[in-house]
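K.L.:
Would you mind keeping the following structure in view while I ask a few things?
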Amino acid sequence: MAESPELELVVTALAAGGDGVARDAGGRVTFVPRTAPGDRVRARVVHATSSFARAELVEVLEPAASREQPPCVHFVRGCGGCQWQHVRRGEQLAAKQAIVAGALRKLPGLTVHKIAEPAPPLHWRRRARFHVDGGRTGLYVLGTKRVLPLERARRVDLPEGPAILCPQLEPALDAALCTVAGATPPDGELGLVLAHDGKIAVGVERAWRGAPRLVGKSGIVGIIAGKETHGEVVLELEPGLWGGPWEFAQASALGNAALVAKVRELVGAGPGTLVELYAGAGNFTRGLLAAGWTVIATDLVAPARPLSGGGGTRFEVGPVADVVAKLAAPVDVVVLDPPRAGAAEAIDGIVRLAPRTIVYVSCDPATLARDAGRLVAAGYEATDAWPYDLMPQTSHVEVVMVLRASARAAARTSS
């Protein structure tokens with residue numbers, strides 16, 4: 001079998017998935033992970049088509065000014081939990097700004113504002129998941145399903161500091177992870193979540209005889225082990241927001257606060273009827289109720305604790321397309337925060353509800369662009385988008401977009 005060819009490349013940008021972007025001698029786009037804009041590298045092609053290629057980094061021949069020493073030893077060893085620890089902070093922000101602007105470039109009249117960075121560069125995670133293999137806790141090696149065990153080590157950039165497992169975790173969560181990992185948890189997924197009052201809940205996929213002994217250590221108040229529950233496993237992550245180790249919540253408390261504040265600012269004060277799609281545990285619902293709206297919230301699963309206040313709320317459980325199809329139109333506002341796949345199944349229903357304002361929160365600029373394009377075609381104007389870097393050292397970026405009903409949409413509603 002012929003060896004894969006090696007290329008000398010100059011990286012010019014960072015892609016949405018985290019890889020560096022370069023072009024080979026023939027102009028073909030080539031993606032190379034763990035590179036930074038301006039790097040001159042030698043890379044080995046591992047997959048190629050007529051339009052693009054993927055390569056693995058062999059050597060950095062000439063490092064760019066945008067490259068820096070990664071703070072985590074596990075990143076250096078190949079951990080795939082982060083993509084951009086080797087990229088300077090300013091370059092990370094510029095790349096995310098460019099990714100959002102590029103994805104949304106076809107929406108007419110849209111203003112993409114400067115990216116906000118409410119989360120600190122490190123120690124921001126209040127929620128995390130890991131993998132356990134052979135009793136050892138870790139994260140997948142980049143591009144594989146092989147677990148790289150995490151070991152207590154000092155940050156490369158702060159060798160005099162305390163030994164930690166993961167510099168992305170809030171210190172209290174890292175301490176709890178150290179305790180759990182040292183107790184040989186069962187193989188499978190491992191989840192941890194830190195509440196605003198310092199309490200920590202842990203989840204493992206299988207029964208674990210050692211679980212009861214960990215309750216009360218390192219802030220751990222509860223553990224879900226397979227079908228067994230030990231202690232308190234549903235915590236108040238923020239005042240009024242409840243969840244456990246397996247439920248979704250924004251990973252950064254500070255980042256989430258900024259996101260919620262922006263949504264509440266765009267929606268404004270009630271009264272009126274507001275429909276919230278993909279509401280989850282009620283992350284946005286709480287603030288919307290406090291602003292005086294009557295909220296109809298929906299998701300596939302009801303929140304762990306009932307929500308109340310403001311103009312009142314009801315929670316509809318079921319697929320979003322089914323729920324929006326039976327709601328009475330018109331409504332004043334629709335707020336949605338779908339998963340990465342976007343809200344394709346909800347767009348027709350949203351248009352039928354004829355809200356005057358739509359606030360769309362997205363973790364994927366590409367699917368946001370697709371869905372917003374359909375709303376624009378139906379008579380809405382996408383006026384502004386705000387990127388948020390809620391997950392530093394990674395390629396993930398959050399976007400809040402506001403769309404307003406145009407005269408054409410208003411005329412259709414009145415008729």
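In the structure tokens, each chain is lettered A, B, ... as it comes, each chain's residues begin at 1, and ligands are numbered from 1 in order of appearance.
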Can you pull out every residue within 10 Å of stretch 78-89 of chain A, counting only C-alpha atoms, but drop anything in the same chain fewer than 6 positions away, and send it as a VMD selection string?
P.N.:
chain A and resid 14 17 to 20 33 to 37 64 to 72 95 121 to 122 129 to 130 138 to 150 166 168 391 to 396
K.L.:
According to DSSP computed on the backbone, where in stretch 33-138 of chain A is there strand (DSSP E)? Give the residues as JSON, numbers by chain.
P.N.:
{"A": [40, 41, 42, 43, 44, 45, 46, 47, 48, 52, 53, 54, 55, 56, 57, 58, 59, 60, 61, 62, 111, 112, 127, 128, 129, 130, 131, 132, 133, 136, 137, 138]}
K.L.:
Per residue of stretch 69-182 of chain A within 10 Å of stretch 215-220 of chain A, record the nearest atom pair and its distance in Å to one decimal, counting only C-alpha atoms, with rows in chain order and ascending residue number, as a Markdown table.
P.N.:
```
| residue | atom | partner | partner_atom | distance |
| --- | --- | --- | --- | --- |
| A:Ala172 | CA | A:Ser218 | CA | 7.6 |
| A:Leu173 | CA | A:Ser218 | CA | 8.5 |
| A:Asp174 | CA | A:Ser218 | CA | 9.5 |
| A:Ala175 | CA | A:Ser218 | CA | 6.3 |
| A:Ala176 | CA | A:Ser218 | CA | 5.1 |
| A:Leu177 | CA | A:Ser218 | CA | 8.8 |
| A:Cys178 | CA | A:Ser218 | CA | 8.9 |
| A:Thr179 | CA | A:Ser218 | CA | 6.9 |
| A:Val180 | CA | A:Ser218 | CA | 9.2 |
```
K.L.:
Near A:Thr30, counting only C-alpha atoms, which residues have an atom at most 8 Å away, once you skip same-chain residues fewer than 3 positions from it, shown as a list in words?
P.N.:
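Near A:Thr30, the qualifying residues are Val21, Ala22, Arg23, Asp24, Phe52, Ala53, Arg54 and Ala55 of chain A.
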K.L.:
If you keep N, CA, C and O atoms, can you produce a file of those selected residues as an mmCIF file, in the first residue's frame?
P.N.:
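After the write, selection14.cif holds the following:
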```
data_model
loop_
_atom_site.group_PDB
_atom_site.id
_atom_site.type_symbol
_atom_site.label_atom_id
_atom_site.label_comp_id
_atom_site.auth_asym_id
_atom_site.auth_seq_id
_atom_site.Cartn_x
_atom_site.Cartn_y
_atom_site.Cartn_z
ATOM 1 N N VAL A 21 -7.134 25.635 8.246
ATOM 2 C CA VAL A 21 -7.479 25.574 6.825
ATOM 3 C C VAL A 21 -6.278 26.016 6.001
ATOM 4 O O VAL A 21 -5.699 27.084 6.259
ATOM 5 N N ALA A 22 -5.905 25.200 5.032
ATOM 6 C CA ALA A 22 -4.810 25.534 4.123
ATOM 7 C C ALA A 22 -5.210 25.103 2.714
ATOM 8 O O ALA A 22 -6.242 24.464 2.515
ATOM 9 N N ARG A 23 -4.399 25.467 1.748
ATOM 10 C CA ARG A 23 -4.612 25.009 0.367
ATOM 11 C C ARG A 23 -3.329 24.372 -0.143
ATOM 12 O O ARG A 23 -2.238 24.900 0.087
ATOM 13 N N ASP A 24 -3.511 23.233 -0.828
ATOM 14 C CA ASP A 24 -2.336 22.565 -1.368
ATOM 15 C C ASP A 24 -1.900 23.257 -2.660
ATOM 16 O O ASP A 24 -2.495 24.270 -3.070
ATOM 17 N N PHE A 52 -11.683 18.581 -1.424
ATOM 18 C CA PHE A 52 -10.995 18.887 -0.165
ATOM 19 C C PHE A 52 -10.222 17.666 0.310
ATOM 20 O O PHE A 52 -10.422 16.545 -0.176
ATOM 21 N N ALA A 53 -9.334 17.913 1.275
ATOM 22 C CA ALA A 53 -8.559 16.830 1.871
ATOM 23 C C ALA A 53 -8.467 17.063 3.380
ATOM 24 O O ALA A 53 -8.574 18.195 3.854
ATOM 25 N N ARG A 54 -8.275 15.973 4.094
ATOM 26 C CA ARG A 54 -7.999 16.043 5.527
ATOM 27 C C ARG A 54 -6.617 15.456 5.765
ATOM 28 O O ARG A 54 -6.254 14.437 5.163
ATOM 29 N N ALA A 55 -5.875 16.109 6.657
ATOM 30 C CA ALA A 55 -4.500 15.679 6.906
ATOM 31 C C ALA A 55 -4.224 15.685 8.396
ATOM 32 O O ALA A 55 -4.936 16.322 9.179
#
```
K.L.:
Measuring between only C-alpha atoms, which one of A:Ala385, A:Leu390, A:Ala321, A:Ala16 shows the shortest distance to A:His113?
P.N.:
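Smallest distance to A:His113 is found for A:Ala385.
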K.L.:
May I ask which of the residues A:Leu192, A:Trp208, A:Asp364, A:Gly292 is the closest one to A:Glu247, counting only C-alpha atoms?
P.N.:
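Checking each candidate against A:Glu247, we get A:Leu192 as the closest.
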K.L.:
Using only C-alpha atoms, determine which residues lie at most 12 Å from A:Asp371, disregarding the query and same-chain residues fewer than 3 positions distant; provide the list as an MDAnalysis selection string.
P.N.:
chainID A and resid 103:104 107 336 338 340:348 350:351 358 360:362 364:368 374:378 380 382 401 403
K.L.:
Work out how far apart atom CA of A:Ala328 and atom CA of A:Ala354 are and give it in Å to one decimal.
P.N.:
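Value for the atom CA of A:Ala328-atom CA of A:Ala354 distance: 10.2 Å.
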